[in-house]
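Visitor: See final.tsv below, with TSV, C-alpha atoms.
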```
chain	number	residue	atom	x	y	z
A	1	MET	CA	108.09	114.06	100.31
A	2	THR	CA	104.76	114.79	98.64
A	3	SER	CA	104.01	116.71	95.49
A	4	ASP	CA	101.22	117.77	93.15
A	5	ASP	CA	103.57	118.98	90.41
A	6	SER	CA	101.65	119.29	87.16
A	7	SER	CA	104.48	120.25	84.81
A	8	ALA	CA	104.63	118.77	81.32
A	9	ILE	CA	107.54	116.41	82.00
A	10	ALA	CA	106.28	113.12	83.40
A	11	PRO	CA	108.12	112.20	86.63
A	12	HIS	CA	110.04	108.96	86.22
A	13	ALA	CA	111.09	106.35	88.81
A	14	ASP	CA	112.55	102.89	88.94
A	15	LEU	CA	109.35	101.77	90.66
A	16	ILE	CA	105.85	103.17	90.88
A	17	VAL	CA	103.69	101.66	93.59
A	18	VAL	CA	99.94	102.17	93.30
A	19	GLY	CA	98.38	101.96	96.77
A	20	ALA	CA	99.74	103.13	100.13
A	21	GLY	CA	98.36	100.39	102.35
A	22	ILE	CA	100.69	97.94	104.02
A	23	VAL	CA	101.39	95.92	100.85
A	24	GLY	CA	102.18	99.02	98.80
A	25	LEU	CA	104.30	100.56	101.56
A	26	ALA	CA	106.13	97.25	102.03
A	27	HIS	CA	107.19	97.34	98.37
A	28	ALA	CA	108.28	100.95	98.73
A	29	TRP	CA	110.23	100.16	101.91
A	30	HIS	CA	112.21	97.31	100.38
A	31	ALA	CA	112.74	99.28	97.16
A	32	VAL	CA	114.22	102.39	98.79
A	33	LEU	CA	116.50	100.21	100.90
A	34	ARG	CA	117.80	98.73	97.64
A	35	GLY	CA	118.59	102.20	96.34
A	36	MET	CA	115.68	102.37	93.88
A	37	SER	CA	113.83	105.58	93.09
A	38	VAL	CA	110.19	105.15	94.13
A	39	ILE	CA	106.92	106.96	93.60
A	40	VAL	CA	103.89	105.86	95.65
A	41	ILE	CA	100.47	106.94	94.39
A	42	GLU	CA	97.45	106.74	96.72
A	43	ARG	CA	93.92	107.83	95.80
A	44	ASP	CA	92.97	108.92	99.34
A	45	GLU	CA	94.52	111.72	101.37
A	46	ARG	CA	95.77	109.14	103.87
A	47	ALA	CA	95.51	105.42	104.48
A	48	VAL	CA	91.94	104.61	105.46
A	49	GLY	CA	91.45	101.03	104.24
A	50	ALA	CA	92.14	97.53	105.51
A	51	SER	CA	95.64	98.44	106.68
A	52	ILE	CA	94.32	100.57	109.56
A	53	ARG	CA	91.05	98.71	110.19
A	54	ASN	CA	92.61	95.60	111.69
A	55	PHE	CA	93.85	94.20	115.00
A	56	GLY	CA	97.46	95.10	114.33
A	57	HIS	CA	98.11	91.46	115.10
A	58	LEU	CA	101.05	89.96	113.22
A	59	CYS	CA	100.12	86.29	113.59
A	60	ALA	CA	103.10	84.62	111.98
A	61	THR	CA	103.03	81.33	113.90
A	62	ALA	CA	99.57	80.16	112.83
A	63	GLN	CA	100.35	80.39	109.10
A	64	SER	CA	101.50	77.54	106.89
A	65	GLY	CA	103.27	77.05	103.57
A	66	LEU	CA	104.18	80.18	101.63
A	67	ALA	CA	102.21	82.36	104.07
A	68	LEU	CA	104.40	81.10	106.93
A	69	GLU	CA	107.54	81.83	104.91
A	70	TYR	CA	106.38	85.37	104.11
A	71	ALA	CA	105.16	85.93	107.68
A	72	MET	CA	108.48	84.99	109.25
A	73	ASP	CA	110.29	87.23	106.77
A	74	ALA	CA	107.85	90.04	107.54
A	75	ARG	CA	108.35	89.54	111.27
A	76	GLU	CA	112.03	90.44	110.98
A	77	THR	CA	111.24	93.42	108.76
A	78	TRP	CA	108.64	94.75	111.20
A	79	LEU	CA	111.22	94.68	113.97
A	80	GLN	CA	113.76	96.49	111.79
A	81	ALA	CA	111.29	98.99	110.32
A	82	GLY	CA	109.73	99.61	113.71
A	83	ALA	CA	113.09	100.58	115.17
A	84	VAL	CA	113.82	102.92	112.25
A	85	ALA	CA	110.35	104.47	111.98
A	86	GLY	CA	109.67	104.75	115.71
A	87	ILE	CA	106.82	102.23	115.58
A	88	PRO	CA	106.27	100.40	118.88
A	89	VAL	CA	106.29	96.69	118.02
A	90	ARG	CA	105.01	94.50	120.84
A	91	THR	CA	106.75	91.16	121.28
A	92	ASP	CA	104.33	89.60	123.79
A	93	GLY	CA	103.14	87.02	121.28
A	94	THR	CA	99.68	85.47	121.20
A	95	VAL	CA	97.84	83.48	123.82
A	96	VAL	CA	95.30	80.93	122.54
A	97	LEU	CA	92.49	80.09	124.95
A	98	ALA	CA	90.98	76.60	124.66
A	99	ARG	CA	87.57	76.18	126.27
A	100	THR	CA	86.83	72.62	125.13
A	101	GLN	CA	88.93	69.47	125.03
A	102	ALA	CA	88.77	69.41	121.22
A	103	GLU	CA	90.31	72.90	121.14
A	104	ALA	CA	93.01	71.79	123.57
A	105	ASP	CA	93.73	68.80	121.32
A	106	VAL	CA	94.32	71.13	118.37
A	107	LEU	CA	96.87	73.04	120.41
A	108	GLU	CA	98.63	69.84	121.48
A	109	GLU	CA	98.78	68.64	117.88
A	110	PHE	CA	100.01	72.03	116.68
A	111	HIS	CA	102.63	72.08	119.43
A	112	ALA	CA	103.92	68.69	118.28
A	113	LEU	CA	104.33	70.09	114.77
A	114	ARG	CA	105.92	73.44	115.67
A	115	ASP	CA	107.90	72.58	118.83
A	116	ASP	CA	109.46	75.71	120.38
A	117	ALA	CA	107.20	78.07	118.41
A	118	VAL	CA	104.32	76.92	120.66
A	119	ARG	CA	104.36	76.71	124.46
A	120	MET	CA	101.51	74.78	126.06
A	121	LEU	CA	99.86	76.39	129.10
A	122	THR	CA	97.77	75.17	132.00
A	123	PRO	CA	94.45	77.01	132.54
A	124	ALA	CA	96.05	79.05	135.34
A	125	GLU	CA	99.05	79.96	133.19
A	126	ALA	CA	96.82	80.90	130.25
A	127	ALA	CA	94.64	83.12	132.46
A	128	ARG	CA	97.68	84.82	133.95
A	129	LEU	CA	99.22	85.52	130.53
A	130	ALA	CA	95.89	86.67	129.06
A	131	GLY	CA	95.25	89.03	131.96
A	132	PHE	CA	91.82	87.63	132.82
A	133	ASP	CA	90.24	84.36	133.90
A	134	SER	CA	87.90	83.22	131.14
A	135	PRO	CA	85.06	80.95	132.38
A	136	GLY	CA	85.47	77.29	131.39
A	137	LEU	CA	89.12	77.53	130.39
A	138	VAL	CA	90.57	74.05	129.68
A	139	ALA	CA	94.06	74.84	128.41
A	140	GLY	CA	96.05	77.40	126.51
A	141	ALA	CA	99.08	77.98	124.34
A	142	HIS	CA	101.54	80.81	123.93
A	143	LEU	CA	102.86	81.71	120.48
A	144	PRO	CA	105.90	83.81	121.45
A	145	LEU	CA	107.01	84.76	117.93
A	146	ASP	CA	103.88	86.75	117.10
A	147	LEU	CA	104.08	90.55	117.11
A	148	ARG	CA	101.65	93.42	117.45
A	149	VAL	CA	101.46	97.04	116.30
A	150	ASP	CA	98.81	99.74	116.57
A	151	SER	CA	97.82	99.94	112.90
A	152	PRO	CA	96.29	103.46	112.77
A	153	ASP	CA	99.60	104.84	114.04
A	154	ALA	CA	101.99	102.32	112.47
A	155	ILE	CA	100.94	102.85	108.84
A	156	PRO	CA	101.42	106.66	108.80
A	157	ALA	CA	104.74	106.27	110.66
A	158	LEU	CA	105.95	103.74	108.12
A	159	ALA	CA	104.92	106.02	105.25
A	160	ALA	CA	106.80	108.94	106.83
A	161	ALA	CA	109.94	106.81	107.23
A	162	ILE	CA	109.75	105.77	103.56
A	163	ALA	CA	109.39	109.40	102.48
A	164	GLU	CA	112.38	110.38	104.63
A	165	ARG	CA	114.43	107.87	102.66
A	166	GLY	CA	113.66	109.55	99.37
A	167	ALA	CA	110.41	108.05	98.11
A	168	ASP	CA	107.89	110.43	96.58
A	169	LEU	CA	104.50	109.77	98.19
A	170	ARG	CA	101.63	111.32	96.29
A	171	TYR	CA	98.29	111.22	98.09
A	172	GLY	CA	94.91	112.27	96.72
A	173	GLU	CA	95.65	110.99	93.19
A	174	ASN	CA	93.40	108.42	91.60
A	175	VAL	CA	95.01	106.15	89.00
A	176	LEU	CA	92.94	106.13	85.83
A	177	GLU	CA	95.17	104.14	83.51
A	178	ILE	CA	98.14	101.78	83.71
A	179	SER	CA	99.83	100.84	80.46
A	180	GLY	CA	103.22	99.20	80.74
A	181	GLY	CA	105.47	101.74	82.39
A	182	LEU	CA	102.96	104.59	82.07
A	183	VAL	CA	100.62	105.55	84.91
A	184	ARG	CA	98.00	108.24	84.35
A	185	THR	CA	96.17	109.76	87.33
A	186	ASN	CA	93.53	112.45	87.67
A	187	ARG	CA	96.41	114.92	88.07
A	188	ARG	CA	99.18	113.91	85.65
A	189	GLU	CA	101.21	111.12	84.04
A	190	TYR	CA	104.18	109.18	85.44
A	191	THR	CA	106.58	106.67	83.97
A	192	ALA	CA	108.58	103.86	85.57
A	193	GLU	CA	110.65	100.81	84.81
A	194	THR	CA	108.11	98.76	86.78
A	195	VAL	CA	104.65	99.42	88.23
A	196	VAL	CA	103.40	97.45	91.22
A	197	LEU	CA	99.64	97.54	91.64
A	198	ALA	CA	98.95	97.00	95.36
A	199	VAL	CA	95.30	97.95	95.72
A	200	GLY	CA	93.97	94.83	97.43
A	201	HIS	CA	90.42	93.96	96.45
A	202	ASP	CA	90.27	96.79	93.90
A	203	VAL	CA	92.44	94.89	91.44
A	204	ASP	CA	89.21	94.33	89.50
A	205	ARG	CA	88.97	98.09	88.85
A	206	HIS	CA	92.16	97.86	86.80
A	207	TYR	CA	92.40	94.26	85.56
A	208	PRO	CA	88.91	92.75	85.72
A	209	GLU	CA	89.81	89.63	83.74
A	210	LEU	CA	92.70	88.85	86.06
A	211	ALA	CA	90.50	89.36	89.13
A	212	ALA	CA	87.76	87.17	87.68
A	213	GLU	CA	90.21	84.40	86.80
A	214	ALA	CA	91.61	84.42	90.35
A	215	GLY	CA	88.13	84.60	91.87
A	216	VAL	CA	88.87	87.80	93.80
A	217	GLN	CA	86.01	88.89	96.03
A	218	ARG	CA	85.59	91.44	98.79
A	219	CYS	CA	85.40	90.22	102.35
A	220	ARG	CA	83.57	92.53	104.73
A	221	LEU	CA	84.01	92.15	108.45
A	222	ARG	CA	82.70	93.79	111.59
A	223	MET	CA	84.96	95.03	114.34
A	224	MET	CA	84.50	97.11	117.47
A	225	GLU	CA	86.52	98.95	120.08
A	226	ILE	CA	85.36	98.51	123.67
A	227	GLU	CA	86.35	99.69	127.11
A	228	ALA	CA	88.54	97.13	128.84
A	229	PRO	CA	86.32	95.21	131.31
A	230	SER	CA	87.36	96.11	134.87
A	231	GLY	CA	90.28	98.03	133.39
A	232	MET	CA	92.13	94.82	132.59
A	233	THR	CA	95.51	94.85	130.82
A	234	VAL	CA	96.22	92.23	128.14
A	235	ALA	CA	99.77	92.20	126.77
A	236	PRO	CA	99.54	89.51	124.04
A	237	GLY	CA	97.00	89.14	121.26
A	238	VAL	CA	94.26	86.67	122.16
A	239	PHE	CA	92.85	83.85	120.03
A	240	THR	CA	89.96	81.52	120.90
A	241	GLY	CA	88.58	78.24	119.57
A	242	THR	CA	87.13	79.84	116.42
A	243	SER	CA	90.65	81.00	115.51
A	244	LEU	CA	91.64	77.36	115.20
A	245	LEU	CA	89.46	77.16	112.09
A	246	ARG	CA	90.65	80.45	110.66
A	247	TYR	CA	94.41	79.95	110.28
A	248	ASP	CA	95.84	77.14	108.19
A	249	GLY	CA	98.45	76.09	110.73
A	250	PHE	CA	95.68	75.18	113.16
A	251	ALA	CA	92.98	74.27	110.65
A	252	SER	CA	95.14	71.64	108.94
A	253	THR	CA	95.37	69.52	112.11
A	254	ASP	CA	93.16	66.45	112.42
A	255	SER	CA	91.67	67.75	115.67
A	256	ALA	CA	90.35	70.91	113.99
A	257	GLN	CA	87.49	68.94	112.44
A	258	ARG	CA	86.23	68.09	115.94
A	259	VAL	CA	86.24	71.78	116.79
A	260	ARG	CA	84.18	72.51	113.69
A	261	ALA	CA	81.73	69.72	114.57
A	262	GLU	CA	81.37	71.08	118.11
A	263	LEU	CA	80.60	74.58	116.85
A	264	ALA	CA	78.16	73.26	114.25
A	265	GLU	CA	76.18	71.72	117.10
A	266	SER	CA	76.58	74.29	119.88
A	267	ALA	CA	76.89	77.62	118.03
A	268	PRO	CA	76.21	77.26	114.27
A	269	GLU	CA	75.78	81.02	113.98
A	270	LEU	CA	79.53	81.39	114.53
A	271	LEU	CA	80.21	79.24	111.47
A	272	GLU	CA	77.47	80.93	109.44
A	273	ASN	CA	79.11	84.32	110.01
A	274	THR	CA	82.66	82.93	109.82
A	275	VAL	CA	83.51	84.39	113.20
A	276	ASN	CA	87.09	84.63	114.38
A	277	LEU	CA	86.66	85.57	118.03
A	278	MET	CA	89.88	87.36	118.92
A	279	PHE	CA	91.08	90.64	120.36
A	280	THR	CA	94.04	92.92	120.98
A	281	GLN	CA	94.51	95.89	123.29
A	282	ARG	CA	95.61	99.31	122.10
A	283	ALA	CA	98.20	101.42	123.90
A	284	ASN	CA	95.37	103.62	125.23
A	285	GLY	CA	93.78	100.60	126.96
A	286	ARG	CA	90.89	100.15	124.57
A	287	ILE	CA	90.27	96.63	123.31
A	288	VAL	CA	89.72	95.86	119.62
A	289	ILE	CA	87.34	92.93	119.20
A	290	GLY	CA	86.06	90.98	116.21
A	291	ASP	CA	85.41	89.71	113.74
A	292	THR	CA	82.91	88.36	111.23
A	293	HIS	CA	83.45	87.55	107.54
A	294	HIS	CA	81.02	87.81	104.63
A	295	TYR	CA	82.01	87.56	100.96
A	296	ASP	CA	80.79	89.05	97.70
A	297	THR	CA	82.14	90.83	94.64
A	298	THR	CA	79.92	93.84	95.37
A	299	LEU	CA	79.14	94.26	99.06
A	300	THR	CA	75.80	95.26	100.49
A	301	PRO	CA	75.90	98.66	102.23
A	302	PHE	CA	73.63	97.43	105.02
A	303	GLU	CA	74.79	95.98	108.34
A	304	ALA	CA	72.60	93.74	110.49
A	305	GLU	CA	72.62	94.68	114.17
A	306	GLU	CA	72.25	91.02	115.09
A	307	VAL	CA	75.77	90.37	113.78
A	308	ASP	CA	77.27	92.95	116.13
A	309	GLU	CA	75.17	91.58	118.94
A	310	LEU	CA	76.46	88.08	118.19
A	311	LEU	CA	80.03	89.32	118.68
A	312	LEU	CA	79.15	91.17	121.87
A	313	ASP	CA	77.36	88.13	123.30
A	314	GLN	CA	80.39	85.95	122.63
A	315	PHE	CA	82.76	88.44	124.25
A	316	ARG	CA	80.53	88.76	127.31
A	317	LEU	CA	80.85	85.00	127.70
A	318	LEU	CA	84.60	85.07	127.07
A	319	PHE	CA	85.21	87.81	129.63
A	320	GLY	CA	82.56	86.54	132.06
A	321	VAL	CA	80.90	89.96	132.33
A	322	PRO	CA	77.23	91.01	132.00
A	323	ASP	CA	77.85	93.98	129.76
A	324	LEU	CA	80.41	95.71	127.55
A	325	THR	CA	80.78	99.37	126.57
A	326	VAL	CA	81.24	99.89	122.82
A	327	LEU	CA	83.25	102.98	121.89
A	328	ARG	CA	83.58	102.59	118.11
A	329	ARG	CA	82.39	100.23	115.36
A	330	TRP	CA	83.62	99.82	111.81
A	331	ARG	CA	83.54	97.71	108.67
A	332	GLY	CA	86.71	96.23	107.30
A	333	VAL	CA	87.07	95.17	103.67
A	334	TYR	CA	89.86	93.11	102.18
A	335	ALA	CA	90.53	90.87	99.18
A	336	SER	CA	89.73	87.17	99.27
A	337	ALA	CA	90.29	84.48	96.67
A	338	PRO	CA	89.93	80.67	96.57
A	339	THR	CA	93.24	80.32	94.74
A	340	GLY	CA	95.27	81.03	97.88
A	341	PRO	CA	96.35	83.84	100.17
A	342	PHE	CA	98.35	85.73	97.51
A	343	LEU	CA	97.73	87.07	94.05
A	344	MET	CA	100.97	87.75	92.16
A	345	ALA	CA	100.68	88.25	88.43
A	346	SER	CA	102.07	90.27	85.53
A	347	PRO	CA	99.07	91.13	83.34
A	348	GLU	CA	101.30	93.09	80.93
A	349	PRO	CA	105.00	93.89	80.55
A	350	GLY	CA	106.29	96.22	83.24
A	351	VAL	CA	103.30	95.70	85.55
A	352	VAL	CA	103.04	93.46	88.61
A	353	VAL	CA	99.84	92.91	90.56
A	354	ALA	CA	100.50	92.06	94.22
A	355	SER	CA	97.60	91.44	96.59
A	356	VAL	CA	97.18	89.53	99.82
A	357	THR	CA	93.92	87.71	99.13
A	358	SER	CA	93.16	86.86	102.74
A	359	GLY	CA	93.14	88.77	106.01
A	360	ILE	CA	96.88	88.53	106.66
A	361	GLY	CA	98.24	91.60	104.90
A	362	MET	CA	99.84	93.07	108.02
A	363	THR	CA	101.32	89.67	108.82
A	364	THR	CA	102.80	88.84	105.41
A	365	GLY	CA	102.97	92.05	103.36
A	366	PHE	CA	106.68	92.70	103.88
A	367	GLY	CA	107.51	89.11	102.92
A	368	LEU	CA	105.38	89.26	99.78
A	369	ALA	CA	107.00	92.55	98.77
A	370	ARG	CA	110.51	91.20	99.18
A	371	ALA	CA	109.63	88.19	97.00
A	372	VAL	CA	108.17	90.43	94.29
A	373	LEU	CA	111.24	92.68	94.23
A	374	ASP	CA	113.59	89.69	94.23
A	375	GLU	CA	111.77	88.37	91.18
A	376	LEU	CA	111.93	91.76	89.46
A	377	VAL	CA	115.69	92.01	90.03
A	378	SER	CA	116.21	88.43	88.87
A	379	SER	CA	114.18	88.97	85.70
A	380	ARG	CA	116.00	92.20	84.93
A	381	GLN	CA	119.39	90.52	85.36
A	382	ALA	CA	118.34	87.64	83.13
A	383	HIS	CA	117.13	90.09	80.48
A	384	THR	CA	120.40	92.04	80.64
A	385	ALA	CA	122.44	88.87	80.36
A	386	ALA	CA	120.46	87.79	77.32
```
Spell out the structure here as structure tokens.
Guide:
Amino acid sequence: MTSDDSSAIAPHADLIVVGAGIVGLAHAWHAVLRGMSVIVIERDERAVGASIRNFGHLCATAQSGLALEYAMDARETWLQAGAVAGIPVRTDGTVVLARTQAEADVLEEFHALRDDAVRMLTPAEAARLAGFDSPGLVAGAHLPLDLRVDSPDAIPALAAAIAERGADLRYGENVLEISGGLVRTNRREYTAETVVLAVGHDVDRHYPELAAEAGVQRCRLRMMEIEAPSGMTVAPGVFTGTSLLRYDGFASTDSAQRVRAELAESAPELLENTVNLMFTQRANGRIVIGDTHHYDTTLTPFEAEEVDELLLDQFRLLFGVPDLTVLRRWRGVYASAPTGPFLMASPEPGVVVASVTSGIGMTTGFGLARAVLDELVSSRQAHTAA
């Protein structure tokens, strides 16, 4: 259900969610399932941000701590929501390709920590699972619990399923003011028992002091869509050695420091651009490759061609091909903060800020949302009891 009603009476809901990316929709999903009335307000006419500009890779296994807890919770919700909303959720997992002994050692160490969540592979097994024989392959690992969706299709389908369950989704409305339970947009005013602000990196547009205190910045990344070399088919998501430095589950192993030292000597440009060399394949056969990471509060509008060429060079080596055909390129932007992968705060009564301050919103968003709503219910019960 959508509406641009401009009558004098302010629409009221148990919960107003500002932002219709994955984190906002995750809050709306859990809320409607709990029987709450929900209004979702989104400034754009459709989701066009980080939630559709990603790999669609739900990399639960490689997380640690609270992120692992939220990711495993989100994994179950994706399977349930996918079945309800008609979202194809791939259960092929992730294959990690190790091309040096140090990378293989990280996988062995990680396997020892996670047991059945990690299956070690010989080079031949890794190549067979990946769907191609990468030059110089030393070992591999399969992370069977990881999932995958096609984000540009999954997000609209999830939004439609939430609307079908009674939520009021209002697109094309820009929130100008949040004050307790009052939300004022460029169209009208709304009221709610609770407002959840789920706008990712744009939290500083509403609560600049909170964003500054948490150190929220914008991370820009480069991604591309290419033709599959030789028409290859790759069922799982694919990680490489750089991924072992990107995700805490891997990066916290002792062996990860050897991987970093190797890259510092052999390919320092990968560290300088914080490259996570990984890819997934869409249902139409196209392969999504990436990505680089650069951080600032205000991002430069200019992109250096050498950064794209760095990615393409690395993927030519990975695939063992002389050339690749690029079909689309884009910039992703998401929130990043040194205080951890999540920002959860209540800057004023009746308002909760919920952001994933790392690149794992698709992986953990449902888990974060459940935790926020659990806390809201608990606080309300405690207040009623008092």
Visitor: Could you pull the residues within 8 Å of segment 148-152 of chain A, counting all atoms listed in the file, minus those fewer than 4 positions along the same chain, as a list in words?
Guide: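 The contact residues come out as Ser51, Ile52, Arg53, Asn54, Phe55, Gly56, His57, Leu58, Ile87, Pro88, Val89, Arg90, Thr91, Asp92, Gly93, Pro156, Pro236, Gly237, Arg282 and Ala283 of chain A.
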Visitor: Dump C-alpha atoms for the selected residues as a PDB file, in the frame of the given file?
Guide:
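So out_3.pdb came out as:
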```
ATOM      1  CA  SER A  51      95.640  98.440 106.680  1.00  0.00           C
ATOM      2  CA  ILE A  52      94.320 100.570 109.560  1.00  0.00           C
ATOM      3  CA  ARG A  53      91.050  98.710 110.190  1.00  0.00           C
ATOM      4  CA  ASN A  54      92.610  95.600 111.690  1.00  0.00           C
ATOM      5  CA  PHE A  55      93.850  94.200 115.000  1.00  0.00           C
ATOM      6  CA  GLY A  56      97.460  95.100 114.330  1.00  0.00           C
ATOM      7  CA  HIS A  57      98.110  91.460 115.100  1.00  0.00           C
ATOM      8  CA  LEU A  58     101.050  89.960 113.220  1.00  0.00           C
ATOM      9  CA  ILE A  87     106.820 102.230 115.580  1.00  0.00           C
ATOM     10  CA  PRO A  88     106.270 100.400 118.880  1.00  0.00           C
ATOM     11  CA  VAL A  89     106.290  96.690 118.020  1.00  0.00           C
ATOM     12  CA  ARG A  90     105.010  94.500 120.840  1.00  0.00           C
ATOM     13  CA  THR A  91     106.750  91.160 121.280  1.00  0.00           C
ATOM     14  CA  ASP A  92     104.330  89.600 123.790  1.00  0.00           C
ATOM     15  CA  GLY A  93     103.140  87.020 121.280  1.00  0.00           C
ATOM     16  CA  PRO A 156     101.420 106.660 108.800  1.00  0.00           C
ATOM     17  CA  PRO A 236      99.540  89.510 124.040  1.00  0.00           C
ATOM     18  CA  GLY A 237      97.000  89.140 121.260  1.00  0.00           C
ATOM     19  CA  ARG A 282      95.610  99.310 122.100  1.00  0.00           C
ATOM     20  CA  ALA A 283      98.200 101.420 123.900  1.00  0.00           C
TER      21      ALA A 283
END
```
Visitor: Record the distance separating atom CA of Ile16 of chain A and atom CA of Thr191 of chain A, expressed in Å with one decimal.
Guide: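 Computing it gives 7.8 Å between the two atoms.
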Visitor: Go ahead and find all residues with at least one atom no further than 12 Å from (81.7, 77.2, 112.6) in the file's coordinates, using all atoms listed in the file; report them as a PyMOL selection string.
Guide: chain A and resi 241-246+251+256-277+292-293
Visitor: If I take atom CA of Val48 of chain A and atom CA of Pro347 of chain A, how far is one from the other in Å, to one decimal?
Guide: 26.9 Å
Visitor: Please indicate the distance in Å from atom CA of Arg188 of chain A to atom CA of Arg205 of chain A, rounded to one decimal place.
Guide: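 About the pair atom CA of Arg188 of chain A and atom CA of Arg205 of chain A: they are 19.1 Å apart.
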Visitor: For each of A:Met223, A:Ala13, A:Leu197, A:Leu79, take the minimum atom-to-atom distance to His27 of chain A, counting all atoms listed in the file, then give the residue where this is smallest.
Guide: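 Nearest candidate to His27 of chain A out of A:Met223, A:Ala13, A:Leu197, A:Leu79: A:Leu197.
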Visitor: Given the choices A:Ala228, A:Leu368, A:Ala117, A:Leu373, which gets closest to Val321 of chain A if the distance is worked out from all atoms listed in the file?
Guide: A:Ala228
Visitor: Select, from A:Met278, A:Leu221, A:Leu310, A:Ala31, the residue with the minimum atom-to-atom distance to Asp296 of chain A, counting only C-alpha atoms.
Guide: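 Nearest candidate to Asp296 of chain A out of A:Met278, A:Leu221, A:Leu310, A:Ala31: A:Leu221.
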Visitor: For Gln281 of chain A, which of A:Ala47, A:Ala130, A:Val17, A:Val175 is the closest residue, counting all atoms listed in the file?
Guide: A:Ala130
Visitor: Residues at most 6 Å from Val356 of chain A, counting all atoms listed in the file, excluding those fewer than 5 positions away in the same chain, as a ChimeraX atom specification?
Guide: /A:341-342,361
Visitor: Would you mind writing segment 277-289 of chain A with N, CA, C and O atoms, as a JSON list (two decimals), in the frame of the given file?
Guide:
```json
[["chain", "number", "residue", "atom", "x", "y", "z"],
["A", 277, "LEU", "N", 86.78, 84.85, 116.77],
["A", 277, "LEU", "CA", 86.66, 85.57, 118.03],
["A", 277, "LEU", "C", 88.05, 85.80, 118.60],
["A", 277, "LEU", "O", 88.68, 84.88, 119.14],
["A", 278, "MET", "N", 88.54, 87.03, 118.46],
["A", 278, "MET", "CA", 89.88, 87.36, 118.92],
["A", 278, "MET", "C", 89.92, 88.83, 119.33],
["A", 278, "MET", "O", 89.00, 89.60, 119.00],
["A", 279, "PHE", "N", 90.96, 89.23, 120.01],
["A", 279, "PHE", "CA", 91.08, 90.64, 120.36],
["A", 279, "PHE", "C", 92.53, 91.02, 120.65],
["A", 279, "PHE", "O", 93.38, 90.17, 120.91],
["A", 280, "THR", "N", 92.77, 92.33, 120.57],
["A", 280, "THR", "CA", 94.04, 92.92, 120.98],
["A", 280, "THR", "C", 93.74, 94.19, 121.76],
["A", 280, "THR", "O", 92.63, 94.73, 121.67],
["A", 281, "GLN", "N", 94.70, 94.66, 122.51],
["A", 281, "GLN", "CA", 94.51, 95.89, 123.29],
["A", 281, "GLN", "C", 95.41, 96.99, 122.76],
["A", 281, "GLN", "O", 96.61, 96.78, 122.51],
["A", 282, "ARG", "N", 94.84, 98.16, 122.56],
["A", 282, "ARG", "CA", 95.61, 99.31, 122.10],
["A", 282, "ARG", "C", 96.43, 99.90, 123.25],
["A", 282, "ARG", "O", 96.18, 99.63, 124.42],
["A", 283, "ALA", "N", 97.36, 100.77, 122.90],
["A", 283, "ALA", "CA", 98.20, 101.42, 123.90],
["A", 283, "ALA", "C", 97.37, 102.28, 124.85],
["A", 283, "ALA", "O", 97.75, 102.47, 126.02],
["A", 284, "ASN", "N", 96.22, 102.79, 124.37],
["A", 284, "ASN", "CA", 95.37, 103.62, 125.23],
["A", 284, "ASN", "C", 94.45, 102.79, 126.12],
["A", 284, "ASN", "O", 93.60, 103.35, 126.84],
["A", 285, "GLY", "N", 94.58, 101.47, 126.09],
["A", 285, "GLY", "CA", 93.78, 100.60, 126.96],
["A", 285, "GLY", "C", 92.53, 100.05, 126.32],
["A", 285, "GLY", "O", 91.95, 99.09, 126.84],
["A", 286, "ARG", "N", 92.09, 100.65, 125.24],
["A", 286, "ARG", "CA", 90.89, 100.15, 124.57],
["A", 286, "ARG", "C", 91.16, 98.81, 123.91],
["A", 286, "ARG", "O", 92.27, 98.53, 123.46],
["A", 287, "ILE", "N", 90.12, 97.98, 123.86],
["A", 287, "ILE", "CA", 90.27, 96.63, 123.31],
["A", 287, "ILE", "C", 89.56, 96.54, 121.97],
["A", 287, "ILE", "O", 88.39, 96.92, 121.84],
["A", 288, "VAL", "N", 90.28, 96.06, 120.96],
["A", 288, "VAL", "CA", 89.72, 95.86, 119.62],
["A", 288, "VAL", "C", 89.23, 94.42, 119.53],
["A", 288, "VAL", "O", 90.00, 93.47, 119.71],
["A", 289, "ILE", "N", 87.93, 94.26, 119.26],
["A", 289, "ILE", "CA", 87.34, 92.93, 119.20],
["A", 289, "ILE", "C", 86.77, 92.65, 117.81],
["A", 289, "ILE", "O", 86.43, 93.55, 117.06]]
```
